[in-house]
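J.: Sharing run25.cif below, mmCIF, N, CA and C atoms:
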data_entry
#
loop_
_atom_site.label_atom_id
_atom_site.label_comp_id
_atom_site.auth_asym_id
_atom_site.auth_seq_id
_atom_site.Cartn_x
_atom_site.Cartn_y
_atom_site.Cartn_z
N MET A 654 2.41 -12.07 -2.85
CA MET A 654 1.02 -11.92 -2.49
C MET A 654 0.44 -10.74 -3.28
N LEU A 655 -0.76 -10.91 -3.77
CA LEU A 655 -1.43 -9.86 -4.53
C LEU A 655 -2.72 -9.45 -3.80
N ILE A 656 -2.86 -8.17 -3.60
CA ILE A 656 -4.06 -7.60 -2.98
C ILE A 656 -4.69 -6.68 -4.03
N VAL A 657 -5.96 -6.91 -4.34
CA VAL A 657 -6.67 -6.10 -5.32
C VAL A 657 -7.76 -5.32 -4.59
N ILE A 658 -7.73 -4.00 -4.75
CA ILE A 658 -8.72 -3.14 -4.13
C ILE A 658 -9.52 -2.48 -5.25
N PRO A 659 -10.79 -2.83 -5.37
CA PRO A 659 -11.60 -2.27 -6.45
C PRO A 659 -11.83 -0.77 -6.29
N GLY A 660 -12.03 -0.11 -7.41
CA GLY A 660 -12.38 1.31 -7.40
C GLY A 660 -11.19 2.23 -7.47
N ARG A 661 -11.51 3.49 -7.54
CA ARG A 661 -10.49 4.55 -7.62
C ARG A 661 -10.17 5.00 -6.20
N GLN A 662 -8.91 5.13 -5.91
CA GLN A 662 -8.48 5.53 -4.57
C GLN A 662 -8.04 6.99 -4.57
N THR A 663 -7.77 7.51 -3.40
CA THR A 663 -7.36 8.90 -3.27
C THR A 663 -5.96 9.12 -3.85
N SER A 664 -5.55 10.36 -3.93
CA SER A 664 -4.24 10.71 -4.48
C SER A 664 -3.55 11.69 -3.54
N TRP A 665 -2.24 11.85 -3.73
CA TRP A 665 -1.51 12.86 -2.96
C TRP A 665 -2.10 14.24 -3.21
N ASN A 666 -2.45 14.54 -4.45
CA ASN A 666 -3.01 15.86 -4.76
C ASN A 666 -4.29 16.11 -3.98
N ALA A 667 -5.16 15.11 -3.91
CA ALA A 667 -6.42 15.26 -3.18
C ALA A 667 -6.16 15.50 -1.69
N ILE A 668 -5.18 14.81 -1.16
CA ILE A 668 -4.89 14.94 0.26
C ILE A 668 -4.28 16.31 0.58
N TYR A 669 -3.29 16.70 -0.21
CA TYR A 669 -2.56 17.92 0.12
C TYR A 669 -3.18 19.19 -0.45
N SER A 670 -4.23 19.07 -1.23
CA SER A 670 -4.89 20.28 -1.73
C SER A 670 -5.71 20.94 -0.63
N SER A 671 -6.02 20.19 0.40
CA SER A 671 -6.76 20.75 1.52
C SER A 671 -5.79 21.40 2.51
N ARG A 672 -6.11 22.58 2.91
CA ARG A 672 -5.27 23.26 3.91
C ARG A 672 -5.59 22.80 5.32
N SER A 673 -6.72 22.16 5.47
CA SER A 673 -7.15 21.74 6.80
C SER A 673 -6.53 20.39 7.16
N TYR A 674 -5.87 20.36 8.30
CA TYR A 674 -5.32 19.11 8.82
C TYR A 674 -6.42 18.06 8.96
N TRP A 675 -7.58 18.47 9.47
CA TRP A 675 -8.65 17.51 9.75
C TRP A 675 -9.23 16.91 8.47
N THR A 676 -9.32 17.70 7.41
CA THR A 676 -9.79 17.16 6.13
C THR A 676 -8.79 16.14 5.60
N ARG A 677 -7.49 16.47 5.70
CA ARG A 677 -6.46 15.52 5.26
C ARG A 677 -6.52 14.24 6.08
N LYS A 678 -6.71 14.38 7.39
CA LYS A 678 -6.78 13.20 8.27
C LYS A 678 -7.97 12.32 7.89
N ILE A 679 -9.10 12.92 7.58
CA ILE A 679 -10.28 12.14 7.18
C ILE A 679 -9.99 11.35 5.90
N LEU A 680 -9.35 11.98 4.93
CA LEU A 680 -9.00 11.30 3.67
C LEU A 680 -8.02 10.15 3.91
N VAL A 681 -7.02 10.39 4.73
CA VAL A 681 -6.02 9.36 5.04
C VAL A 681 -6.68 8.19 5.78
N ASP A 682 -7.46 8.50 6.80
CA ASP A 682 -8.13 7.44 7.57
C ASP A 682 -9.07 6.63 6.69
N ALA A 683 -9.78 7.28 5.78
CA ALA A 683 -10.69 6.57 4.87
C ALA A 683 -9.90 5.64 3.96
N ALA A 684 -8.76 6.10 3.46
CA ALA A 684 -7.92 5.25 2.60
C ALA A 684 -7.43 4.04 3.37
N HIS A 685 -7.00 4.23 4.61
CA HIS A 685 -6.56 3.11 5.45
C HIS A 685 -7.69 2.10 5.66
N GLU A 686 -8.87 2.60 5.93
CA GLU A 686 -10.01 1.71 6.19
C GLU A 686 -10.38 0.87 4.97
N VAL A 687 -10.29 1.44 3.78
CA VAL A 687 -10.57 0.68 2.55
C VAL A 687 -9.59 -0.48 2.43
N ILE A 688 -8.32 -0.21 2.65
CA ILE A 688 -7.30 -1.25 2.51
C ILE A 688 -7.45 -2.30 3.61
N LYS A 689 -7.64 -1.87 4.84
CA LYS A 689 -7.81 -2.82 5.94
C LYS A 689 -9.07 -3.65 5.75
N GLY A 690 -10.13 -3.04 5.24
CA GLY A 690 -11.36 -3.78 4.97
C GLY A 690 -11.13 -4.87 3.94
N ARG A 691 -10.36 -4.56 2.91
CA ARG A 691 -10.06 -5.56 1.88
C ARG A 691 -9.23 -6.70 2.47
N LEU A 692 -8.26 -6.37 3.33
CA LEU A 692 -7.46 -7.42 3.97
C LEU A 692 -8.34 -8.33 4.82
N LEU A 693 -9.28 -7.75 5.54
CA LEU A 693 -10.21 -8.56 6.35
C LEU A 693 -11.06 -9.46 5.46
N GLU A 694 -11.52 -8.93 4.32
CA GLU A 694 -12.29 -9.74 3.36
C GLU A 694 -11.47 -10.93 2.87
N MET A 695 -10.16 -10.74 2.76
CA MET A 695 -9.26 -11.80 2.30
C MET A 695 -8.91 -12.77 3.43
N GLY A 696 -9.42 -12.52 4.64
CA GLY A 696 -9.13 -13.40 5.77
C GLY A 696 -7.83 -13.07 6.47
N ILE A 697 -7.29 -11.89 6.20
CA ILE A 697 -6.04 -11.48 6.83
C ILE A 697 -6.39 -10.60 8.02
N MET A 698 -6.15 -11.14 9.21
CA MET A 698 -6.51 -10.45 10.44
C MET A 698 -5.30 -9.70 10.99
N PRO A 699 -5.55 -8.61 11.73
CA PRO A 699 -4.43 -7.87 12.30
C PRO A 699 -3.73 -8.65 13.41
N ASN A 700 -2.46 -8.39 13.55
CA ASN A 700 -1.65 -8.94 14.64
C ASN A 700 -1.65 -10.46 14.70
N ARG A 701 -1.70 -11.09 13.55
CA ARG A 701 -1.57 -12.54 13.47
C ARG A 701 -0.18 -12.85 12.92
N ASP A 702 0.65 -13.43 13.72
CA ASP A 702 2.05 -13.67 13.35
C ASP A 702 2.18 -14.46 12.05
N LYS A 703 1.24 -15.37 11.80
CA LYS A 703 1.34 -16.21 10.60
C LYS A 703 1.16 -15.40 9.31
N ASN A 704 0.51 -14.24 9.37
CA ASN A 704 0.29 -13.40 8.19
C ASN A 704 1.46 -12.49 7.88
N LEU A 705 2.29 -12.22 8.87
CA LEU A 705 3.33 -11.21 8.72
C LEU A 705 4.52 -11.72 7.92
N PHE A 706 5.00 -10.88 7.01
CA PHE A 706 6.24 -11.18 6.32
C PHE A 706 7.38 -10.95 7.30
N LYS A 707 8.23 -11.94 7.47
CA LYS A 707 9.33 -11.84 8.44
C LYS A 707 10.58 -11.21 7.81
N ASN A 708 10.74 -11.37 6.50
CA ASN A 708 11.91 -10.85 5.80
C ASN A 708 11.56 -9.57 5.06
N LYS A 709 12.58 -8.89 4.58
CA LYS A 709 12.39 -7.66 3.81
C LYS A 709 11.60 -7.96 2.54
N VAL A 710 10.68 -7.06 2.21
CA VAL A 710 9.83 -7.23 1.02
C VAL A 710 9.98 -6.05 0.08
N ASP A 711 9.64 -6.29 -1.18
CA ASP A 711 9.48 -5.24 -2.18
C ASP A 711 7.99 -5.10 -2.45
N ILE A 712 7.54 -3.88 -2.65
CA ILE A 712 6.12 -3.62 -2.84
C ILE A 712 5.93 -2.88 -4.16
N ASP A 713 5.11 -3.44 -5.03
CA ASP A 713 4.75 -2.82 -6.30
C ASP A 713 3.27 -2.45 -6.25
N ILE A 714 2.99 -1.19 -6.49
CA ILE A 714 1.62 -0.69 -6.44
C ILE A 714 1.24 -0.21 -7.84
N THR A 715 0.22 -0.83 -8.41
CA THR A 715 -0.25 -0.45 -9.74
C THR A 715 -1.69 0.04 -9.62
N ALA A 716 -1.93 1.26 -10.06
CA ALA A 716 -3.27 1.83 -10.04
C ALA A 716 -3.81 1.82 -11.46
N TYR A 717 -4.98 1.25 -11.63
CA TYR A 717 -5.64 1.15 -12.93
C TYR A 717 -6.77 2.16 -12.98
N PHE A 718 -6.80 2.96 -14.04
CA PHE A 718 -7.80 4.00 -14.21
C PHE A 718 -8.51 3.81 -15.54
N LYS A 719 -9.83 3.99 -15.51
CA LYS A 719 -10.61 3.87 -16.75
C LYS A 719 -10.30 5.03 -17.69
N HIS A 720 -10.21 6.21 -17.15
CA HIS A 720 -9.89 7.42 -17.93
C HIS A 720 -9.01 8.29 -17.05
N HIS A 721 -8.24 9.13 -17.66
CA HIS A 721 -7.48 10.16 -16.95
C HIS A 721 -6.68 9.58 -15.78
N ALA A 722 -5.70 8.78 -16.10
CA ALA A 722 -4.85 8.17 -15.07
C ALA A 722 -4.09 9.23 -14.30
N GLN A 723 -3.92 8.97 -13.02
CA GLN A 723 -3.06 9.82 -12.19
C GLN A 723 -1.61 9.62 -12.60
N ASP A 724 -0.79 10.61 -12.32
CA ASP A 724 0.64 10.42 -12.48
C ASP A 724 1.08 9.34 -11.49
N SER A 725 2.06 8.57 -11.88
CA SER A 725 2.53 7.49 -11.00
C SER A 725 3.00 8.01 -9.65
N ASP A 726 3.60 9.20 -9.63
CA ASP A 726 4.08 9.73 -8.35
C ASP A 726 2.96 10.37 -7.52
N ASN A 727 1.74 10.34 -8.02
CA ASN A 727 0.58 10.84 -7.29
C ASN A 727 -0.15 9.72 -6.55
N ILE A 728 0.29 8.49 -6.73
CA ILE A 728 -0.29 7.34 -6.03
C ILE A 728 0.27 7.34 -4.61
N PRO A 729 -0.60 7.38 -3.60
CA PRO A 729 -0.12 7.54 -2.22
C PRO A 729 0.43 6.24 -1.62
N ASP A 730 1.63 5.88 -2.04
CA ASP A 730 2.25 4.64 -1.58
C ASP A 730 2.40 4.58 -0.07
N LYS A 731 2.75 5.68 0.56
CA LYS A 731 2.93 5.70 2.02
C LYS A 731 1.63 5.33 2.73
N LEU A 732 0.51 5.83 2.25
CA LEU A 732 -0.78 5.50 2.88
C LEU A 732 -1.06 4.01 2.78
N ILE A 733 -0.77 3.45 1.63
CA ILE A 733 -1.02 2.02 1.40
C ILE A 733 -0.14 1.18 2.31
N ILE A 734 1.13 1.51 2.36
CA ILE A 734 2.06 0.72 3.17
C ILE A 734 1.73 0.86 4.65
N ASP A 735 1.38 2.06 5.10
CA ASP A 735 0.99 2.23 6.51
C ASP A 735 -0.20 1.36 6.87
N ALA A 736 -1.15 1.21 5.96
CA ALA A 736 -2.33 0.38 6.23
C ALA A 736 -1.98 -1.11 6.33
N LEU A 737 -0.87 -1.51 5.74
CA LEU A 737 -0.46 -2.93 5.77
C LEU A 737 0.23 -3.30 7.07
N LYS A 738 0.70 -2.30 7.82
CA LYS A 738 1.40 -2.57 9.08
C LYS A 738 0.45 -3.25 10.06
N GLY A 739 0.97 -4.30 10.67
CA GLY A 739 0.17 -5.05 11.64
C GLY A 739 -0.69 -6.13 11.00
N TYR A 740 -0.90 -6.04 9.70
CA TYR A 740 -1.66 -7.06 8.96
C TYR A 740 -0.69 -7.97 8.20
N LEU A 741 0.18 -7.37 7.40
CA LEU A 741 1.15 -8.13 6.61
C LEU A 741 2.59 -7.73 6.88
N LEU A 742 2.77 -6.51 7.34
CA LEU A 742 4.12 -6.01 7.62
C LEU A 742 4.30 -5.79 9.11
N ILE A 743 5.46 -6.19 9.61
CA ILE A 743 5.78 -5.92 11.02
C ILE A 743 5.95 -4.41 11.21
N ASP A 744 6.65 -3.80 10.28
CA ASP A 744 6.87 -2.36 10.30
C ASP A 744 7.18 -1.93 8.86
N ASP A 745 7.29 -0.63 8.64
CA ASP A 745 7.61 -0.16 7.28
C ASP A 745 9.00 0.46 7.22
N ASN A 746 9.85 0.14 8.19
CA ASN A 746 11.21 0.67 8.16
C ASN A 746 12.07 -0.15 7.19
N ILE A 747 13.34 0.23 7.03
CA ILE A 747 14.19 -0.41 6.02
C ILE A 747 14.53 -1.86 6.34
N LYS A 748 14.29 -2.27 7.56
CA LYS A 748 14.51 -3.68 7.90
C LYS A 748 13.48 -4.58 7.21
N TYR A 749 12.28 -4.05 6.98
CA TYR A 749 11.18 -4.85 6.46
C TYR A 749 10.71 -4.47 5.05
N VAL A 750 10.96 -3.25 4.62
CA VAL A 750 10.52 -2.82 3.29
C VAL A 750 11.72 -2.31 2.50
N GLY A 751 11.93 -2.92 1.34
CA GLY A 751 13.03 -2.52 0.47
C GLY A 751 12.53 -1.56 -0.60
N ARG A 752 12.38 -2.08 -1.79
CA ARG A 752 11.97 -1.27 -2.94
C ARG A 752 10.45 -1.09 -2.95
N VAL A 753 10.02 0.14 -3.28
CA VAL A 753 8.60 0.45 -3.45
C VAL A 753 8.46 1.11 -4.82
N SER A 754 7.53 0.61 -5.63
CA SER A 754 7.30 1.23 -6.94
C SER A 754 5.82 1.50 -7.14
N THR A 755 5.53 2.54 -7.92
CA THR A 755 4.15 2.86 -8.27
C THR A 755 4.06 2.99 -9.78
N GLU A 756 2.90 2.62 -10.31
CA GLU A 756 2.66 2.70 -11.75
C GLU A 756 1.19 3.00 -11.99
N SER A 757 0.91 3.81 -12.99
CA SER A 757 -0.47 4.09 -13.42
C SER A 757 -0.71 3.44 -14.78
N VAL A 758 -1.90 2.83 -14.92
CA VAL A 758 -2.24 2.11 -16.14
C VAL A 758 -3.68 2.44 -16.50
N ILE A 759 -3.96 2.59 -17.79
CA ILE A 759 -5.34 2.74 -18.26
C ILE A 759 -5.91 1.35 -18.48
N ASP A 760 -7.09 1.11 -17.92
CA ASP A 760 -7.74 -0.19 -18.03
C ASP A 760 -9.25 0.02 -17.84
N GLU A 761 -10.03 -0.91 -18.30
CA GLU A 761 -11.49 -0.81 -18.19
C GLU A 761 -11.97 -0.90 -16.74
N TYR A 762 -11.24 -1.64 -15.91
CA TYR A 762 -11.65 -1.92 -14.53
C TYR A 762 -10.75 -1.15 -13.56
N GLU A 763 -11.30 -0.13 -12.90
CA GLU A 763 -10.51 0.67 -11.96
C GLU A 763 -10.23 -0.11 -10.69
N ARG A 764 -8.97 -0.10 -10.29
CA ARG A 764 -8.55 -0.84 -9.10
C ARG A 764 -7.11 -0.45 -8.75
N ILE A 765 -6.71 -0.88 -7.57
CA ILE A 765 -5.30 -0.81 -7.18
C ILE A 765 -4.85 -2.23 -6.88
N GLU A 766 -3.72 -2.60 -7.43
CA GLU A 766 -3.12 -3.90 -7.14
C GLU A 766 -1.83 -3.66 -6.36
N ILE A 767 -1.74 -4.33 -5.23
CA ILE A 767 -0.57 -4.24 -4.37
C ILE A 767 0.10 -5.61 -4.39
N SER A 768 1.29 -5.66 -4.92
CA SER A 768 2.03 -6.92 -5.00
C SER A 768 3.18 -6.86 -3.99
N ILE A 769 3.20 -7.83 -3.10
CA ILE A 769 4.24 -7.89 -2.07
C ILE A 769 5.04 -9.17 -2.29
N SER A 770 6.34 -9.02 -2.41
CA SER A 770 7.20 -10.20 -2.61
C SER A 770 8.48 -10.04 -1.79
N GLU A 771 9.04 -11.17 -1.42
CA GLU A 771 10.29 -11.12 -0.66
C GLU A 771 11.36 -10.45 -1.52
N SER A 772 12.06 -9.53 -0.91
CA SER A 772 13.10 -8.78 -1.61
C SER A 772 14.31 -9.68 -1.90
N PRO A 773 14.90 -9.56 -3.08
CA PRO A 773 16.14 -10.30 -3.35
C PRO A 773 17.22 -9.98 -2.32
N CYS A 774 17.22 -8.77 -1.79
CA CYS A 774 18.18 -8.40 -0.76
C CYS A 774 17.99 -9.25 0.50
N ALA A 775 16.74 -9.59 0.81
CA ALA A 775 16.46 -10.39 2.00
C ALA A 775 17.04 -11.79 1.84
N ARG A 776 16.99 -12.31 0.63
CA ARG A 776 17.52 -13.66 0.41
C ARG A 776 19.04 -13.66 0.48
N LYS A 777 19.68 -12.56 0.03
CA LYS A 777 21.13 -12.49 0.04
C LYS A 777 21.69 -12.18 1.41
N ARG A 778 21.01 -11.26 2.12
CA ARG A 778 21.52 -10.79 3.41
C ARG A 778 20.49 -11.05 4.51
N HIS A 779 20.12 -12.28 4.63
CA HIS A 779 19.03 -12.68 5.53
C HIS A 779 19.26 -12.23 6.97
N ASN A 780 20.45 -12.29 7.46
CA ASN A 780 20.72 -11.96 8.86
C ASN A 780 21.41 -10.62 9.03
N LEU A 781 21.09 -9.67 8.19
CA LEU A 781 21.72 -8.36 8.23
C LEU A 781 21.39 -7.61 9.52
N PHE A 782 20.16 -7.77 10.03
CA PHE A 782 19.76 -7.00 11.21
C PHE A 782 19.69 -7.87 12.43
#
Would you mind giving the structure from this file in structure tokens?
T.:
Amino acid sequence: MLIVIPGRQTSWNAIYSSRSYWTRKILVDAAHEVIKGRLLEMGIMPNRDKNLFKNKVDIDITAYFKHHAQDSDNIPDKLIIDALKGYLLIDDNIKYVGRVSTESVIDEYERIEISISESPCARKRHNLF
């Protein structure tokens, strides 16, 4: 599954540069709302069993920047994955999420692409848990 979120999103640096807990919380909540809003636009409603991945998944997050790309490790993968809980993921623990990768790319159209696919580990060890 591919989720495309237009525009430039927040970064770890932006979140942690603030010493105020409340400022960080506002940034995190805003990031969650952008992702959840996009899921709703795609017709993915919260707490719908049919939308949830039942097996372990791998998540690839690619951030596209028009200029001055963020470092790949500055892409807030945890914020993105937390926003997917209840919409596409049952939980973000190791039972449901395997590999997570982030990448920064220069492109004319700024966006974040979140690719979710069943983990090869899930196919091999389906009944591990």
J.: Give me, as a list of chain:residue names, all polymer residues having an atom no more than 10 Å from segment 694-707 of chain A, counting only C-alpha atoms and skipping those fewer than 4 positions away in the same chain.
T.: A:Ile656, A:Val657, A:Ile688, A:Lys689, A:Gly690, A:Leu737, A:Lys738, A:Gly739, A:Tyr740, A:Leu741, A:Leu742, A:Ile743, A:Asp744, A:Lys748, A:Tyr749, A:Val750, A:Ile769, A:Ser770, A:Glu771, A:Ala775
J.: Just asking: which residues within chain A are alpha helix (DSSP H) according to DSSP, as a PDB file with N, CA and C atoms, in the coordinates of the input?
T.:
ATOM      1  N   TRP A 665      -2.240  11.850  -3.730  1.00  0.00           N
ATOM      2  CA  TRP A 665      -1.510  12.860  -2.960  1.00  0.00           C
ATOM      3  C   TRP A 665      -2.100  14.240  -3.210  1.00  0.00           C
ATOM      4  N   ASN A 666      -2.450  14.540  -4.450  1.00  0.00           N
ATOM      5  CA  ASN A 666      -3.010  15.860  -4.760  1.00  0.00           C
ATOM      6  C   ASN A 666      -4.290  16.110  -3.980  1.00  0.00           C
ATOM      7  N   ALA A 667      -5.160  15.110  -3.910  1.00  0.00           N
ATOM      8  CA  ALA A 667      -6.420  15.260  -3.180  1.00  0.00           C
ATOM      9  C   ALA A 667      -6.160  15.500  -1.690  1.00  0.00           C
ATOM     10  N   ILE A 668      -5.180  14.810  -1.160  1.00  0.00           N
ATOM     11  CA  ILE A 668      -4.890  14.940   0.260  1.00  0.00           C
ATOM     12  C   ILE A 668      -4.280  16.310   0.580  1.00  0.00           C
ATOM     13  N   TYR A 669      -3.290  16.700  -0.210  1.00  0.00           N
ATOM     14  CA  TYR A 669      -2.560  17.920   0.120  1.00  0.00           C
ATOM     15  C   TYR A 669      -3.180  19.190  -0.450  1.00  0.00           C
ATOM     16  N   TYR A 674      -5.870  20.360   8.300  1.00  0.00           N
ATOM     17  CA  TYR A 674      -5.320  19.110   8.820  1.00  0.00           C
ATOM     18  C   TYR A 674      -6.420  18.060   8.960  1.00  0.00           C
ATOM     19  N   TRP A 675      -7.580  18.470   9.470  1.00  0.00           N
ATOM     20  CA  TRP A 675      -8.650  17.510   9.750  1.00  0.00           C
ATOM     21  C   TRP A 675      -9.230  16.910   8.470  1.00  0.00           C
ATOM     22  N   THR A 676      -9.320  17.700   7.410  1.00  0.00           N
ATOM     23  CA  THR A 676      -9.790  17.160   6.130  1.00  0.00           C
ATOM     24  C   THR A 676      -8.790  16.140   5.600  1.00  0.00           C
ATOM     25  N   ARG A 677      -7.490  16.470   5.700  1.00  0.00           N
ATOM     26  CA  ARG A 677      -6.460  15.520   5.260  1.00  0.00           C
ATOM     27  C   ARG A 677      -6.520  14.240   6.080  1.00  0.00           C
ATOM     28  N   LYS A 678      -6.710  14.380   7.390  1.00  0.00           N
ATOM     29  CA  LYS A 678      -6.780  13.200   8.270  1.00  0.00           C
ATOM     30  C   LYS A 678      -7.970  12.320   7.890  1.00  0.00           C
ATOM     31  N   ILE A 679      -9.100  12.920   7.580  1.00  0.00           N
ATOM     32  CA  ILE A 679     -10.280  12.140   7.180  1.00  0.00           C
ATOM     33  C   ILE A 679      -9.990  11.350   5.900  1.00  0.00           C
ATOM     34  N   LEU A 680      -9.350  11.980   4.930  1.00  0.00           N
ATOM     35  CA  LEU A 680      -9.000  11.300   3.670  1.00  0.00           C
ATOM     36  C   LEU A 680      -8.020  10.150   3.910  1.00  0.00           C
ATOM     37  N   VAL A 681      -7.020  10.390   4.730  1.00  0.00           N
ATOM     38  CA  VAL A 681      -6.020   9.360   5.040  1.00  0.00           C
ATOM     39  C   VAL A 681      -6.680   8.190   5.780  1.00  0.00           C
ATOM     40  N   ASP A 682      -7.460   8.500   6.800  1.00  0.00           N
ATOM     41  CA  ASP A 682      -8.130   7.440   7.570  1.00  0.00           C
ATOM     42  C   ASP A 682      -9.070   6.630   6.690  1.00  0.00           C
ATOM     43  N   ALA A 683      -9.780   7.280   5.780  1.00  0.00           N
ATOM     44  CA  ALA A 683     -10.690   6.570   4.870  1.00  0.00           C
ATOM     45  C   ALA A 683      -9.900   5.640   3.960  1.00  0.00           C
ATOM     46  N   ALA A 684      -8.760   6.100   3.460  1.00  0.00           N
ATOM     47  CA  ALA A 684      -7.920   5.250   2.600  1.00  0.00           C
ATOM     48  C   ALA A 684      -7.430   4.040   3.370  1.00  0.00           C
ATOM     49  N   HIS A 685      -7.000   4.230   4.610  1.00  0.00           N
ATOM     50  CA  HIS A 685      -6.560   3.110   5.450  1.00  0.00           C
ATOM     51  C   HIS A 685      -7.690   2.100   5.660  1.00  0.00           C
ATOM     52  N   GLU A 686      -8.870   2.600   5.930  1.00  0.00           N
ATOM     53  CA  GLU A 686     -10.010   1.710   6.190  1.00  0.00           C
ATOM     54  C   GLU A 686     -10.380   0.870   4.970  1.00  0.00           C
ATOM     55  N   VAL A 687     -10.290   1.440   3.780  1.00  0.00           N
ATOM     56  CA  VAL A 687     -10.570   0.680   2.550  1.00  0.00           C
ATOM     57  C   VAL A 687      -9.590  -0.480   2.430  1.00  0.00           C
ATOM     58  N   ILE A 688      -8.320  -0.210   2.650  1.00  0.00           N
ATOM     59  CA  ILE A 688      -7.300  -1.250   2.510  1.00  0.00           C
ATOM     60  C   ILE A 688      -7.450  -2.300   3.610  1.00  0.00           C
ATOM     61  N   LYS A 689      -7.640  -1.870   4.840  1.00  0.00           N
ATOM     62  CA  LYS A 689      -7.810  -2.820   5.940  1.00  0.00           C
ATOM     63  C   LYS A 689      -9.070  -3.650   5.750  1.00  0.00           C
ATOM     64  N   GLY A 690     -10.130  -3.040   5.240  1.00  0.00           N
ATOM     65  CA  GLY A 690     -11.360  -3.780   4.970  1.00  0.00           C
ATOM     66  C   GLY A 690     -11.130  -4.870   3.940  1.00  0.00           C
ATOM     67  N   ARG A 691     -10.360  -4.560   2.910  1.00  0.00           N
ATOM     68  CA  ARG A 691     -10.060  -5.560   1.880  1.00  0.00           C
ATOM     69  C   ARG A 691      -9.230  -6.700   2.470  1.00  0.00           C
ATOM     70  N   LEU A 692      -8.260  -6.370   3.330  1.00  0.00           N
ATOM     71  CA  LEU A 692      -7.460  -7.420   3.970  1.00  0.00           C
ATOM     72  C   LEU A 692      -8.340  -8.330   4.820  1.00  0.00           C
ATOM     73  N   LEU A 693      -9.280  -7.750   5.540  1.00  0.00           N
ATOM     74  CA  LEU A 693     -10.210  -8.560   6.350  1.00  0.00           C
ATOM     75  C   LEU A 693     -11.060  -9.460   5.460  1.00  0.00           C
ATOM     76  N   GLU A 694     -11.520  -8.930   4.320  1.00  0.00           N
ATOM     77  CA  GLU A 694     -12.290  -9.740   3.360  1.00  0.00           C
ATOM     78  C   GLU A 694     -11.470 -10.930   2.870  1.00  0.00           C
ATOM     79  N   ASP A 730       1.630   5.880  -2.040  1.00  0.00           N
ATOM     80  CA  ASP A 730       2.250   4.640  -1.580  1.00  0.00           C
ATOM     81  C   ASP A 730       2.400   4.580  -0.070  1.00  0.00           C
ATOM     82  N   LYS A 731       2.750   5.680   0.560  1.00  0.00           N
ATOM     83  CA  LYS A 731       2.930   5.700   2.020  1.00  0.00           C
ATOM     84  C   LYS A 731       1.630   5.330   2.730  1.00  0.00           C
ATOM     85  N   LEU A 732       0.510   5.830   2.250  1.00  0.00           N
ATOM     86  CA  LEU A 732      -0.780   5.500   2.880  1.00  0.00           C
ATOM     87  C   LEU A 732      -1.060   4.010   2.780  1.00  0.00           C
ATOM     88  N   ILE A 733      -0.770   3.450   1.630  1.00  0.00           N
ATOM     89  CA  ILE A 733      -1.020   2.020   1.400  1.00  0.00           C
ATOM     90  C   ILE A 733      -0.140   1.180   2.310  1.00  0.00           C
ATOM     91  N   ILE A 734       1.130   1.510   2.360  1.00  0.00           N
ATOM     92  CA  ILE A 734       2.060   0.720   3.170  1.00  0.00           C
ATOM     93  C   ILE A 734       1.730   0.860   4.650  1.00  0.00           C
ATOM     94  N   ASP A 735       1.380   2.060   5.100  1.00  0.00           N
ATOM     95  CA  ASP A 735       0.990   2.230   6.510  1.00  0.00           C
ATOM     96  C   ASP A 735      -0.200   1.360   6.870  1.00  0.00           C
ATOM     97  N   ALA A 736      -1.150   1.210   5.960  1.00  0.00           N
ATOM     98  CA  ALA A 736      -2.330   0.380   6.230  1.00  0.00           C
ATOM     99  C   ALA A 736      -1.980  -1.110   6.330  1.00  0.00           C
ATOM    100  N   LEU A 737      -0.870  -1.510   5.740  1.00  0.00           N
ATOM    101  CA  LEU A 737      -0.460  -2.930   5.770  1.00  0.00           C
ATOM    102  C   LEU A 737       0.230  -3.300   7.070  1.00  0.00           C
ATOM    103  N   PRO A 773      14.900  -9.560  -3.080  1.00  0.00           N
ATOM    104  CA  PRO A 773      16.140 -10.300  -3.350  1.00  0.00           C
ATOM    105  C   PRO A 773      17.220  -9.980  -2.320  1.00  0.00           C
ATOM    106  N   CYS A 774      17.220  -8.770  -1.790  1.00  0.00           N
ATOM    107  CA  CYS A 774      18.180  -8.400  -0.760  1.00  0.00           C
ATOM    108  C   CYS A 774      17.990  -9.250   0.500  1.00  0.00           C
ATOM    109  N   ALA A 775      16.740  -9.590   0.810  1.00  0.00           N
ATOM    110  CA  ALA A 775      16.460 -10.390   2.000  1.00  0.00           C
ATOM    111  C   ALA A 775      17.040 -11.790   1.840  1.00  0.00           C
ATOM    112  N   ARG A 776      16.990 -12.310   0.630  1.00  0.00           N
ATOM    113  CA  ARG A 776      17.520 -13.660   0.410  1.00  0.00           C
ATOM    114  C   ARG A 776      19.040 -13.660   0.480  1.00  0.00           C
ATOM    115  N   LYS A 777      19.680 -12.560   0.030  1.00  0.00           N
ATOM    116  CA  LYS A 777      21.130 -12.490   0.040  1.00  0.00           C
ATOM    117  C   LYS A 777      21.690 -12.180   1.410  1.00  0.00           C
TER     118      LYS A 777
END
J.: Any chance you could work out the axis-aligned box around segment 733-739 of chain A, listed atoms only, 4 Å on each side, giving centre and edge lengths in Å to one decimal, as lines of an AutoDock Vina configuration file?
T.:
center_x = -0.1
center_y = -1.3
center_z = 6.5
size_x = 12.4
size_y = 17.6
size_z = 18.2
J.: Which of these residues is nearest to Asp711 of chain A, using all atoms listed in the file: A:Ile765, A:Ala683, A:Val753, A:Ile668?
T.: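 Looking only at the distances to Asp711 of chain A, the closest residue turns out to be A:Val753.
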J.: Of the candidates A:Ala722, A:Ile712, A:Ala684, A:Ala736, which one gets nearest to Ser754 of chain A if we count only C-alpha atoms?
T.: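 Using only C-alpha atoms, Ser754 of chain A sits closest to A:Ile712.
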J.: Got a sec to tell me which of chain A DSSP assigns to strand (DSSP E or B), as a PyMOL selection string?
T.: chain A and resi 655-659+706+710-718+738+742+750-759+764-771
J.: Could you tell me which residues the PyMOL selection byres (((chain A and resi 764 and name CA) around 10) and name CA) returns for this structure, as number ranges by chain?
T.: A: 657-662, 715-719, 758, 760-763, 765-767
J.: Identify which of the residues A:Ser757, A:Ser768, A:Ser673, A:Thr663 lies closest to Asp724 of chain A, counting all atoms listed in the file when measuring atom-to-atom distances.
T.: A:Ser757
